[in-house]
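Chemist: Quick one: this structure, given as structure tokens, is what I'll be asking you about.
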Amino acid sequence: MQLVLVRHPQPDIAPGICYGRTNIGASVAAIAQVATSLRTAGLPGKLPIYASPLARCAQLVRALGAPCTYDPRLAEMDFGAWEMRAWDTIARSEVDAWAADLLHYRPGGGENVMEVAQRVAAFRNELRQGGHRRALLICHAGTMRLLSALHGGGSIEEAALRAASGAHCIAYGGIIELKD
């Protein structure tokens with residue numbers, strides 16, 4: 001199976017804000033820039049598209065004008081009470097507690113990384129079982145990191161830990177291709 005993962009355009013929000021599952025859109029300019037970049041790369045072509053239902057992904061899908069299946073399992077992590085707060089206003093002790101237990105701590109009382117990994121893995125497994133050889137996924141950096149880590153093999157726990165352990169460098173509109 002080949003998955004082409006695309007990160008949504010830059011959301012219309014100030015830098016330094018935790019916005020995981022918050023339904024924030026992107027500017028018209030940001031959407032147009034990513035859509036043009038994808039078309040230049042020949043995407044989506046004839047690939048079936050699956051996307052997070054969050055606005056910053058759905059807006060890109062609409063700009064591409066292609067049919068899409070929205071799946072909430074592709075949404076970004078829910079950071080609970082941390083959502084829409086500046087990262088520098090979140091108590092250091094809470095961030096440290098998360099760092100000490102990356103897989104099971106619930107940032108802001110939201111989801112933990114294992115829950116996100118399980119829903120992303122369930123989506124991936126369903127896609128495989130459906131016989132899809134190729135697909136385009138429009139989603140979020142966290143989802144892309146998990147899909148990439150799952151692609152690397154091992155248990156869900158191992159993949160989740162790999163995905164959560166380091167800072168990401170996936171640009172807005174960035175593309176990652178995974179091939180079996």
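Letters for chains follow the order of the structure tokens (A, B, ...), residue numbers begin at 1 for each chain, and ligand numbers begin at 1 in the order shown.
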Could you name the residues that touch stretch 172-175 of chain A at 10 Å or less, counting only C-alpha atoms, but leaving out those on the same chain fewer than 4 positions away, as a list in words?
Modeler: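 Contacts, in chain order: Val4, Leu5, Val6, Arg7, His8, Pro9, Gln10, Pro11, Ala30, Ile31, Gln33, Val34, Ala35, Ser37, Leu38, Ala41, Leu60, Leu136, Leu137, Ile138, Cys139, His140, Ala141 and Met144 of chain A.
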Chemist: Which residues of stretch 37-126 of chain A sit at most 8 Å from stretch 153-163 of chain A, using only C-alpha atoms? Give each one's shortest atom pair and distance in Å (one decimal place), in chain and ascending residue order, as a Markdown table.
Modeler:
```
| residue | atom | partner | partner_atom | distance |
| --- | --- | --- | --- | --- |
| A:Leu102 | CA | A:Leu161 | CA | 7.0 |
| A:Leu103 | CA | A:Leu161 | CA | 6.5 |
| A:Val113 | CA | A:Ala160 | CA | 6.6 |
| A:Met114 | CA | A:Ala160 | CA | 6.4 |
| A:Ala117 | CA | A:Ala160 | CA | 5.9 |
| A:Gln118 | CA | A:Ile156 | CA | 7.1 |
| A:Ala121 | CA | A:Ile156 | CA | 7.6 |
```
Chemist: What does the file look like for those residues with N, CA and C atoms, as a PDB file, in the first residue's frame?
Modeler:
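Saved as selection.pdb:
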```pdb
ATOM      1  N   LEU A 102       4.770   9.933  28.099  1.00  0.00           N
ATOM      2  CA  LEU A 102       4.292  10.349  26.776  1.00  0.00           C
ATOM      3  C   LEU A 102       3.080   9.563  26.277  1.00  0.00           C
ATOM      4  N   LEU A 103       3.011   8.301  26.601  1.00  0.00           N
ATOM      5  CA  LEU A 103       1.940   7.472  26.049  1.00  0.00           C
ATOM      6  C   LEU A 103       0.619   7.582  26.794  1.00  0.00           C
ATOM      7  N   VAL A 113      -1.599   9.904  23.969  1.00  0.00           N
ATOM      8  CA  VAL A 113      -0.993   9.500  22.703  1.00  0.00           C
ATOM      9  C   VAL A 113      -1.416   8.081  22.313  1.00  0.00           C
ATOM     10  N   MET A 114      -1.567   7.189  23.278  1.00  0.00           N
ATOM     11  CA  MET A 114      -1.989   5.820  22.956  1.00  0.00           C
ATOM     12  C   MET A 114      -3.382   5.797  22.342  1.00  0.00           C
ATOM     13  N   ALA A 117      -2.994   6.949  18.816  1.00  0.00           N
ATOM     14  CA  ALA A 117      -2.334   5.900  18.035  1.00  0.00           C
ATOM     15  C   ALA A 117      -3.304   4.768  17.708  1.00  0.00           C
ATOM     16  N   GLN A 118      -4.143   4.399  18.646  1.00  0.00           N
ATOM     17  CA  GLN A 118      -5.098   3.314  18.403  1.00  0.00           C
ATOM     18  C   GLN A 118      -6.117   3.688  17.337  1.00  0.00           C
ATOM     19  N   ALA A 121      -4.236   3.813  13.961  1.00  0.00           N
ATOM     20  CA  ALA A 121      -3.932   2.439  13.528  1.00  0.00           C
ATOM     21  C   ALA A 121      -5.194   1.746  13.024  1.00  0.00           C
TER      22      ALA A 121
END
```
Chemist: Fewer than 5 positions away in the same chain doesn't count, so skip those; otherwise give me all residues within 9 Å of A:Phe123, counting only C-alpha atoms, as a VMD selection string.
Modeler: chain A and resid 71 73 to 74 118 128
Chemist: Would you work out the distance separating atom CA of A:His151 from atom CA of A:Glu177, expressed in Å to one decimal?
Modeler: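 A separation of 10.6 Å between them.
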Chemist: Using only C-alpha atoms, can you tell me which of A:Leu47, A:Val28, A:Ala75, A:Ala97 comes closest to A:Val116?
Modeler: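 Of all the options, A:Ala75 lies closest to A:Val116.
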Chemist: What does the distance from atom CA of A:Tyr105 to atom CA of A:Met77 come to in Å, to one decimal?
Modeler: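 Atom CA of A:Met77 lies 12.4 Å from atom CA of A:Tyr105.
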Chemist: Select from stretch 39-106 of chain A everything DSSP, run on the backbone, classes as alpha helix (DSSP H), then give the selection as a PyMOL selection string.
Modeler: chain A and resi 39-40+55-64+92-100
Chemist: Since we have the selection now, will you write its residues out, keeping all heavy atoms, as a short mmCIF file (atom, residue, chain, number, x, y, z; two decimals), in the first residue's frame?
Modeler:
```
data_model
loop_
_atom_site.label_atom_id
_atom_site.label_comp_id
_atom_site.auth_asym_id
_atom_site.auth_seq_id
_atom_site.Cartn_x
_atom_site.Cartn_y
_atom_site.Cartn_z
N ARG A 39 -1.27 20.34 -6.78
CA ARG A 39 -1.58 20.16 -8.22
C ARG A 39 -0.28 20.09 -9.03
O ARG A 39 -0.17 19.29 -9.96
CB ARG A 39 -2.47 21.29 -8.71
CG ARG A 39 -3.89 21.17 -8.24
CD ARG A 39 -4.79 22.21 -8.92
NE ARG A 39 -6.05 22.29 -8.23
CZ ARG A 39 -6.39 23.28 -7.40
NH1 ARG A 39 -5.56 24.28 -7.18
NH2 ARG A 39 -7.56 23.27 -6.80
N THR A 40 0.70 20.92 -8.68
CA THR A 40 1.99 20.92 -9.37
C THR A 40 2.67 19.56 -9.21
O THR A 40 3.33 19.08 -10.13
CB THR A 40 2.89 22.04 -8.82
OG1 THR A 40 2.24 23.29 -9.04
CG2 THR A 40 4.25 22.05 -9.49
N ALA A 55 -11.61 21.87 9.94
CA ALA A 55 -11.72 22.89 8.89
C ALA A 55 -10.44 23.08 8.09
O ALA A 55 -10.49 23.20 6.86
CB ALA A 55 -12.16 24.22 9.50
N ARG A 56 -9.29 23.09 8.74
CA ARG A 56 -8.05 23.35 8.02
C ARG A 56 -7.73 22.27 7.00
O ARG A 56 -7.01 22.51 6.03
CB ARG A 56 -6.90 23.59 8.98
CG ARG A 56 -6.71 22.52 10.04
CD ARG A 56 -5.80 23.06 11.17
NE ARG A 56 -5.52 22.10 12.21
CZ ARG A 56 -6.23 21.97 13.32
NH1 ARG A 56 -7.31 22.71 13.51
NH2 ARG A 56 -5.87 21.11 14.25
N CYS A 57 -8.28 21.07 7.18
CA CYS A 57 -8.12 20.00 6.20
C CYS A 57 -9.26 20.03 5.18
O CYS A 57 -9.03 19.92 3.98
CB CYS A 57 -8.09 18.64 6.91
SG CYS A 57 -6.68 18.42 8.00
N ALA A 58 -10.49 20.19 5.66
CA ALA A 58 -11.66 20.20 4.79
C ALA A 58 -11.59 21.34 3.78
O ALA A 58 -12.01 21.18 2.62
CB ALA A 58 -12.93 20.28 5.62
N GLN A 59 -11.07 22.48 4.18
CA GLN A 59 -10.94 23.61 3.25
C GLN A 59 -10.00 23.26 2.09
O GLN A 59 -10.26 23.63 0.94
CB GLN A 59 -10.43 24.84 3.98
CG GLN A 59 -11.43 25.44 4.94
CD GLN A 59 -10.79 26.52 5.81
OE1 GLN A 59 -9.71 26.32 6.38
NE2 GLN A 59 -11.44 27.66 5.90
N LEU A 60 -8.92 22.56 2.39
CA LEU A 60 -7.99 22.15 1.34
C LEU A 60 -8.66 21.16 0.40
O LEU A 60 -8.52 21.26 -0.82
CB LEU A 60 -6.71 21.55 1.94
CG LEU A 60 -5.68 21.03 0.95
CD1 LEU A 60 -5.24 22.11 -0.04
CD2 LEU A 60 -4.48 20.45 1.70
N VAL A 61 -9.40 20.22 0.95
CA VAL A 61 -10.11 19.25 0.11
C VAL A 61 -11.06 19.98 -0.85
O VAL A 61 -11.10 19.70 -2.05
CB VAL A 61 -10.91 18.24 0.98
CG1 VAL A 61 -11.82 17.40 0.12
CG2 VAL A 61 -9.95 17.35 1.76
N ARG A 62 -11.81 20.94 -0.32
CA ARG A 62 -12.75 21.70 -1.18
C ARG A 62 -11.99 22.45 -2.27
O ARG A 62 -12.44 22.52 -3.41
CB ARG A 62 -13.59 22.64 -0.35
CG ARG A 62 -14.69 21.91 0.44
CD ARG A 62 -15.72 22.85 1.03
NE ARG A 62 -15.19 23.78 2.01
CZ ARG A 62 -15.00 23.51 3.30
NH1 ARG A 62 -15.30 22.32 3.78
NH2 ARG A 62 -14.52 24.43 4.12
N ALA A 63 -10.83 23.00 -1.94
CA ALA A 63 -10.03 23.72 -2.93
C ALA A 63 -9.54 22.79 -4.04
O ALA A 63 -9.40 23.21 -5.19
CB ALA A 63 -8.85 24.42 -2.27
N LEU A 64 -9.29 21.54 -3.69
CA LEU A 64 -8.85 20.56 -4.69
C LEU A 64 -10.01 20.11 -5.58
O LEU A 64 -9.79 19.61 -6.68
CB LEU A 64 -8.20 19.36 -4.02
CG LEU A 64 -6.88 19.63 -3.31
CD1 LEU A 64 -6.43 18.42 -2.51
CD2 LEU A 64 -5.81 20.06 -4.31
N ARG A 92 4.44 24.41 33.79
CA ARG A 92 5.61 23.58 33.48
C ARG A 92 5.45 22.18 34.08
O ARG A 92 5.86 21.19 33.49
CB ARG A 92 6.87 24.26 34.02
CG ARG A 92 8.14 23.54 33.67
CD ARG A 92 8.46 23.74 32.22
NE ARG A 92 9.00 22.50 31.68
CZ ARG A 92 9.23 22.31 30.41
NH1 ARG A 92 8.98 23.23 29.53
NH2 ARG A 92 9.73 21.17 29.99
N SER A 93 4.83 22.09 35.25
CA SER A 93 4.64 20.79 35.89
C SER A 93 3.73 19.89 35.05
O SER A 93 3.94 18.67 35.01
CB SER A 93 4.05 20.96 37.30
OG SER A 93 2.79 21.61 37.24
N GLU A 94 2.76 20.46 34.35
CA GLU A 94 1.88 19.67 33.48
C GLU A 94 2.64 19.17 32.25
O GLU A 94 2.50 18.01 31.85
CB GLU A 94 0.67 20.49 33.05
CG GLU A 94 -0.30 20.79 34.17
CD GLU A 94 -1.50 21.57 33.67
OE1 GLU A 94 -2.12 21.14 32.66
OE2 GLU A 94 -1.82 22.60 34.27
N VAL A 95 3.43 20.04 31.66
CA VAL A 95 4.23 19.65 30.49
C VAL A 95 5.24 18.58 30.90
O VAL A 95 5.44 17.59 30.18
CB VAL A 95 4.92 20.88 29.86
CG1 VAL A 95 5.85 20.47 28.73
CG2 VAL A 95 3.87 21.89 29.37
N ASP A 96 5.86 18.75 32.07
CA ASP A 96 6.81 17.76 32.57
C ASP A 96 6.13 16.42 32.84
O ASP A 96 6.72 15.36 32.58
CB ASP A 96 7.50 18.26 33.85
CG ASP A 96 8.48 19.39 33.58
OD1 ASP A 96 8.86 19.61 32.41
OD2 ASP A 96 8.86 20.07 34.55
N ALA A 97 4.91 16.45 33.37
CA ALA A 97 4.16 15.21 33.62
C ALA A 97 3.90 14.47 32.31
O ALA A 97 4.00 13.24 32.24
CB ALA A 97 2.86 15.51 34.35
N TRP A 98 3.59 15.22 31.26
CA TRP A 98 3.38 14.61 29.94
C TRP A 98 4.69 14.02 29.42
O TRP A 98 4.71 12.89 28.93
CB TRP A 98 2.81 15.64 28.98
CG TRP A 98 2.42 15.10 27.63
CD1 TRP A 98 2.10 13.80 27.32
CD2 TRP A 98 2.30 15.83 26.42
NE1 TRP A 98 1.78 13.69 25.98
CE2 TRP A 98 1.90 14.93 25.41
CE3 TRP A 98 2.49 17.17 26.09
CZ2 TRP A 98 1.68 15.32 24.09
CZ3 TRP A 98 2.25 17.55 24.78
CH2 TRP A 98 1.86 16.64 23.80
N ALA A 99 5.77 14.76 29.54
CA ALA A 99 7.07 14.28 29.07
C ALA A 99 7.49 13.02 29.81
O ALA A 99 8.16 12.14 29.25
CB ALA A 99 8.13 15.37 29.23
N ALA A 100 7.10 12.89 31.08
CA ALA A 100 7.45 11.73 31.88
C ALA A 100 6.63 10.49 31.51
O ALA A 100 7.05 9.37 31.79
CB ALA A 100 7.27 12.03 33.36
#
```
Chemist: Looking at A:Ala164, A:Leu178, A:Ile17, A:Ala29, which one is nearest to A:Met1, with distances taken over only C-alpha atoms?
Modeler: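 Under the stated criterion, the closest residue is A:Leu178.
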Chemist: Residues of chain A classed as strand (DSSP E or B) by DSSP on the backbone are to be reported as a PyMOL selection string.
Modeler: chain A and resi 2-7+11+17-18+26+49-51+68-70+85-86+134-139+175-179
Chemist: Next, the residues of the selection above should be written as an mmCIF file, in the first residue's frame with C-alpha atoms.
Modeler:
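Saved file result_39.cif follows:
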```
data_model
loop_
_atom_site.group_PDB
_atom_site.id
_atom_site.type_symbol
_atom_site.label_atom_id
_atom_site.label_comp_id
_atom_site.auth_asym_id
_atom_site.auth_seq_id
_atom_site.Cartn_x
_atom_site.Cartn_y
_atom_site.Cartn_z
ATOM 1 C CA GLN A 2 1.167 3.530 -0.781
ATOM 2 C CA LEU A 3 -0.038 6.426 1.342
ATOM 3 C CA VAL A 4 0.585 10.032 0.389
ATOM 4 C CA LEU A 5 0.238 12.109 3.549
ATOM 5 C CA VAL A 6 -0.344 15.849 3.268
ATOM 6 C CA ARG A 7 -0.323 18.265 6.171
ATOM 7 C CA PRO A 11 -4.083 27.555 10.367
ATOM 8 C CA ILE A 17 -0.990 28.498 20.655
ATOM 9 C CA CYS A 18 -1.954 24.884 21.402
ATOM 10 C CA ALA A 26 -6.797 28.459 7.272
ATOM 11 C CA ILE A 49 -8.795 11.057 -0.701
ATOM 12 C CA TYR A 50 -9.359 10.613 3.017
ATOM 13 C CA ALA A 51 -9.191 13.603 5.325
ATOM 14 C CA CYS A 68 -13.260 12.821 -0.287
ATOM 15 C CA THR A 69 -14.148 10.602 2.638
ATOM 16 C CA TYR A 70 -13.814 12.435 5.942
ATOM 17 C CA ARG A 85 -3.971 28.382 25.308
ATOM 18 C CA ALA A 86 -0.529 29.788 24.691
ATOM 19 C CA ARG A 134 -2.894 3.888 -2.892
ATOM 20 C CA ALA A 135 -4.545 6.786 -1.088
ATOM 21 C CA LEU A 136 -4.049 10.467 -0.333
ATOM 22 C CA LEU A 137 -4.571 11.518 3.290
ATOM 23 C CA ILE A 138 -5.004 15.159 4.240
ATOM 24 C CA CYS A 139 -4.425 15.424 7.953
ATOM 25 C CA ILE A 175 4.069 15.702 1.879
ATOM 26 C CA ILE A 176 5.291 12.344 3.146
ATOM 27 C CA GLU A 177 5.033 9.193 1.027
ATOM 28 C CA LEU A 178 4.841 5.790 2.691
ATOM 29 C CA LYS A 179 5.276 2.672 0.554
#
```
Chemist: Quick check, in Å to one decimal: how far apart do atom CA of A:Ala91 and atom CA of A:Pro15 lie?
Modeler: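 Computing the Euclidean distance for atom CA of A:Ala91 and atom CA of A:Pro15 yields 18.2 Å.
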Chemist: Would you list the contacts of A:Gly109 as a list in words, taking every protein, DNA or RNA residue within 9 Å and counting only C-alpha atoms, but skipping same-chain residues closer than 2 positions in sequence?
Modeler: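 The contact residues come out as Asp78, Phe79, Gly80, Ala81, Trp82, Tyr105, Arg106, Pro107, Glu111 and Asn112 of chain A.
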Chemist: Output the selection as a PDB file, in the first residue's frame - all heavy atoms for each residue.
Modeler:
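New file result_7.pdb:
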```
ATOM      1  N   ASP A  78      -6.624  15.645  20.840  1.00  0.00           N
ATOM      2  CA  ASP A  78      -7.425  16.556  21.665  1.00  0.00           C
ATOM      3  C   ASP A  78      -6.620  16.887  22.916  1.00  0.00           C
ATOM      4  O   ASP A  78      -6.353  16.023  23.741  1.00  0.00           O
ATOM      5  CB  ASP A  78      -8.749  15.885  22.030  1.00  0.00           C
ATOM      6  CG  ASP A  78      -9.652  16.760  22.871  1.00  0.00           C
ATOM      7  OD1 ASP A  78      -9.220  17.842  23.303  1.00  0.00           O
ATOM      8  OD2 ASP A  78     -10.787  16.344  23.099  1.00  0.00           O
ATOM      9  N   PHE A  79      -6.240  18.147  23.047  1.00  0.00           N
ATOM     10  CA  PHE A  79      -5.448  18.595  24.184  1.00  0.00           C
ATOM     11  C   PHE A  79      -6.310  19.122  25.332  1.00  0.00           C
ATOM     12  O   PHE A  79      -5.805  19.788  26.235  1.00  0.00           O
ATOM     13  CB  PHE A  79      -4.446  19.671  23.750  1.00  0.00           C
ATOM     14  CG  PHE A  79      -3.283  19.125  22.962  1.00  0.00           C
ATOM     15  CD1 PHE A  79      -3.317  19.121  21.573  1.00  0.00           C
ATOM     16  CD2 PHE A  79      -2.175  18.610  23.595  1.00  0.00           C
ATOM     17  CE1 PHE A  79      -2.249  18.622  20.843  1.00  0.00           C
ATOM     18  CE2 PHE A  79      -1.104  18.104  22.875  1.00  0.00           C
ATOM     19  CZ  PHE A  79      -1.140  18.104  21.484  1.00  0.00           C
ATOM     20  N   GLY A  80      -7.605  18.845  25.305  1.00  0.00           N
ATOM     21  CA  GLY A  80      -8.483  19.211  26.411  1.00  0.00           C
ATOM     22  C   GLY A  80      -8.391  20.678  26.783  1.00  0.00           C
ATOM     23  O   GLY A  80      -8.499  21.561  25.939  1.00  0.00           O
ATOM     24  N   ALA A  81      -8.168  20.955  28.067  1.00  0.00           N
ATOM     25  CA  ALA A  81      -8.119  22.324  28.581  1.00  0.00           C
ATOM     26  C   ALA A  81      -6.917  23.113  28.062  1.00  0.00           C
ATOM     27  O   ALA A  81      -6.872  24.332  28.218  1.00  0.00           O
ATOM     28  CB  ALA A  81      -8.106  22.308  30.115  1.00  0.00           C
ATOM     29  N   TRP A  82      -5.949  22.429  27.440  1.00  0.00           N
ATOM     30  CA  TRP A  82      -4.816  23.148  26.865  1.00  0.00           C
ATOM     31  C   TRP A  82      -5.190  23.813  25.541  1.00  0.00           C
ATOM     32  O   TRP A  82      -4.497  24.727  25.083  1.00  0.00           O
ATOM     33  CB  TRP A  82      -3.645  22.204  26.611  1.00  0.00           C
ATOM     34  CG  TRP A  82      -2.956  21.676  27.826  1.00  0.00           C
ATOM     35  CD1 TRP A  82      -3.346  21.776  29.136  1.00  0.00           C
ATOM     36  CD2 TRP A  82      -1.744  20.929  27.833  1.00  0.00           C
ATOM     37  NE1 TRP A  82      -2.446  21.135  29.944  1.00  0.00           N
ATOM     38  CE2 TRP A  82      -1.449  20.602  29.173  1.00  0.00           C
ATOM     39  CE3 TRP A  82      -0.879  20.501  26.841  1.00  0.00           C
ATOM     40  CZ2 TRP A  82      -0.326  19.877  29.537  1.00  0.00           C
ATOM     41  CZ3 TRP A  82       0.240  19.775  27.200  1.00  0.00           C
ATOM     42  CH2 TRP A  82       0.524  19.475  28.537  1.00  0.00           C
ATOM     43  N   TYR A 105      -0.223   9.957  29.640  1.00  0.00           N
ATOM     44  CA  TYR A 105      -0.654  11.223  30.235  1.00  0.00           C
ATOM     45  C   TYR A 105      -1.666  11.901  29.310  1.00  0.00           C
ATOM     46  O   TYR A 105      -1.530  11.851  28.092  1.00  0.00           O
ATOM     47  CB  TYR A 105       0.552  12.134  30.471  1.00  0.00           C
ATOM     48  CG  TYR A 105       0.193  13.425  31.168  1.00  0.00           C
ATOM     49  CD1 TYR A 105      -0.007  13.455  32.545  1.00  0.00           C
ATOM     50  CD2 TYR A 105       0.023  14.599  30.453  1.00  0.00           C
ATOM     51  CE1 TYR A 105      -0.348  14.643  33.191  1.00  0.00           C
ATOM     52  CE2 TYR A 105      -0.316  15.784  31.094  1.00  0.00           C
ATOM     53  CZ  TYR A 105      -0.509  15.790  32.466  1.00  0.00           C
ATOM     54  OH  TYR A 105      -0.857  16.958  33.090  1.00  0.00           O
ATOM     55  N   ARG A 106      -2.671  12.521  29.901  1.00  0.00           N
ATOM     56  CA  ARG A 106      -3.713  13.216  29.139  1.00  0.00           C
ATOM     57  C   ARG A 106      -3.489  14.728  29.237  1.00  0.00           C
ATOM     58  O   ARG A 106      -3.943  15.349  30.196  1.00  0.00           O
ATOM     59  CB  ARG A 106      -5.090  12.866  29.673  1.00  0.00           C
ATOM     60  CG  ARG A 106      -5.450  11.424  29.525  1.00  0.00           C
ATOM     61  CD  ARG A 106      -6.805  11.141  30.183  1.00  0.00           C
ATOM     62  NE  ARG A 106      -7.156   9.759  29.988  1.00  0.00           N
ATOM     63  CZ  ARG A 106      -7.638   9.260  28.857  1.00  0.00           C
ATOM     64  NH1 ARG A 106      -7.868  10.039  27.839  1.00  0.00           N
ATOM     65  NH2 ARG A 106      -7.919   7.975  28.762  1.00  0.00           N
ATOM     66  N   PRO A 107      -2.819  15.313  28.247  1.00  0.00           N
ATOM     67  CA  PRO A 107      -2.586  16.755  28.300  1.00  0.00           C
ATOM     68  C   PRO A 107      -3.903  17.523  28.391  1.00  0.00           C
ATOM     69  O   PRO A 107      -4.810  17.312  27.578  1.00  0.00           O
ATOM     70  CB  PRO A 107      -1.871  17.065  26.987  1.00  0.00           C
ATOM     71  CG  PRO A 107      -1.357  15.756  26.498  1.00  0.00           C
ATOM     72  CD  PRO A 107      -2.279  14.716  27.036  1.00  0.00           C
ATOM     73  N   GLU A 111      -7.025  13.681  25.157  1.00  0.00           N
ATOM     74  CA  GLU A 111      -6.595  12.335  24.748  1.00  0.00           C
ATOM     75  C   GLU A 111      -5.149  12.089  25.150  1.00  0.00           C
ATOM     76  O   GLU A 111      -4.362  13.031  25.249  1.00  0.00           O
ATOM     77  CB  GLU A 111      -6.638  12.201  23.220  1.00  0.00           C
ATOM     78  CG  GLU A 111      -7.990  12.055  22.618  1.00  0.00           C
ATOM     79  CD  GLU A 111      -7.894  11.907  21.109  1.00  0.00           C
ATOM     80  OE1 GLU A 111      -7.512  12.877  20.440  1.00  0.00           O
ATOM     81  OE2 GLU A 111      -8.208  10.820  20.621  1.00  0.00           O
ATOM     82  N   ASN A 112      -4.826  10.819  25.309  1.00  0.00           N
ATOM     83  CA  ASN A 112      -3.413  10.500  25.450  1.00  0.00           C
ATOM     84  C   ASN A 112      -2.898   9.961  24.119  1.00  0.00           C
ATOM     85  O   ASN A 112      -3.688   9.644  23.216  1.00  0.00           O
ATOM     86  CB  ASN A 112      -3.147   9.551  26.630  1.00  0.00           C
ATOM     87  CG  ASN A 112      -3.751   8.179  26.469  1.00  0.00           C
ATOM     88  OD1 ASN A 112      -3.751   7.596  25.386  1.00  0.00           O
ATOM     89  ND2 ASN A 112      -4.265   7.644  27.557  1.00  0.00           N
TER      90      ASN A 112
END
```
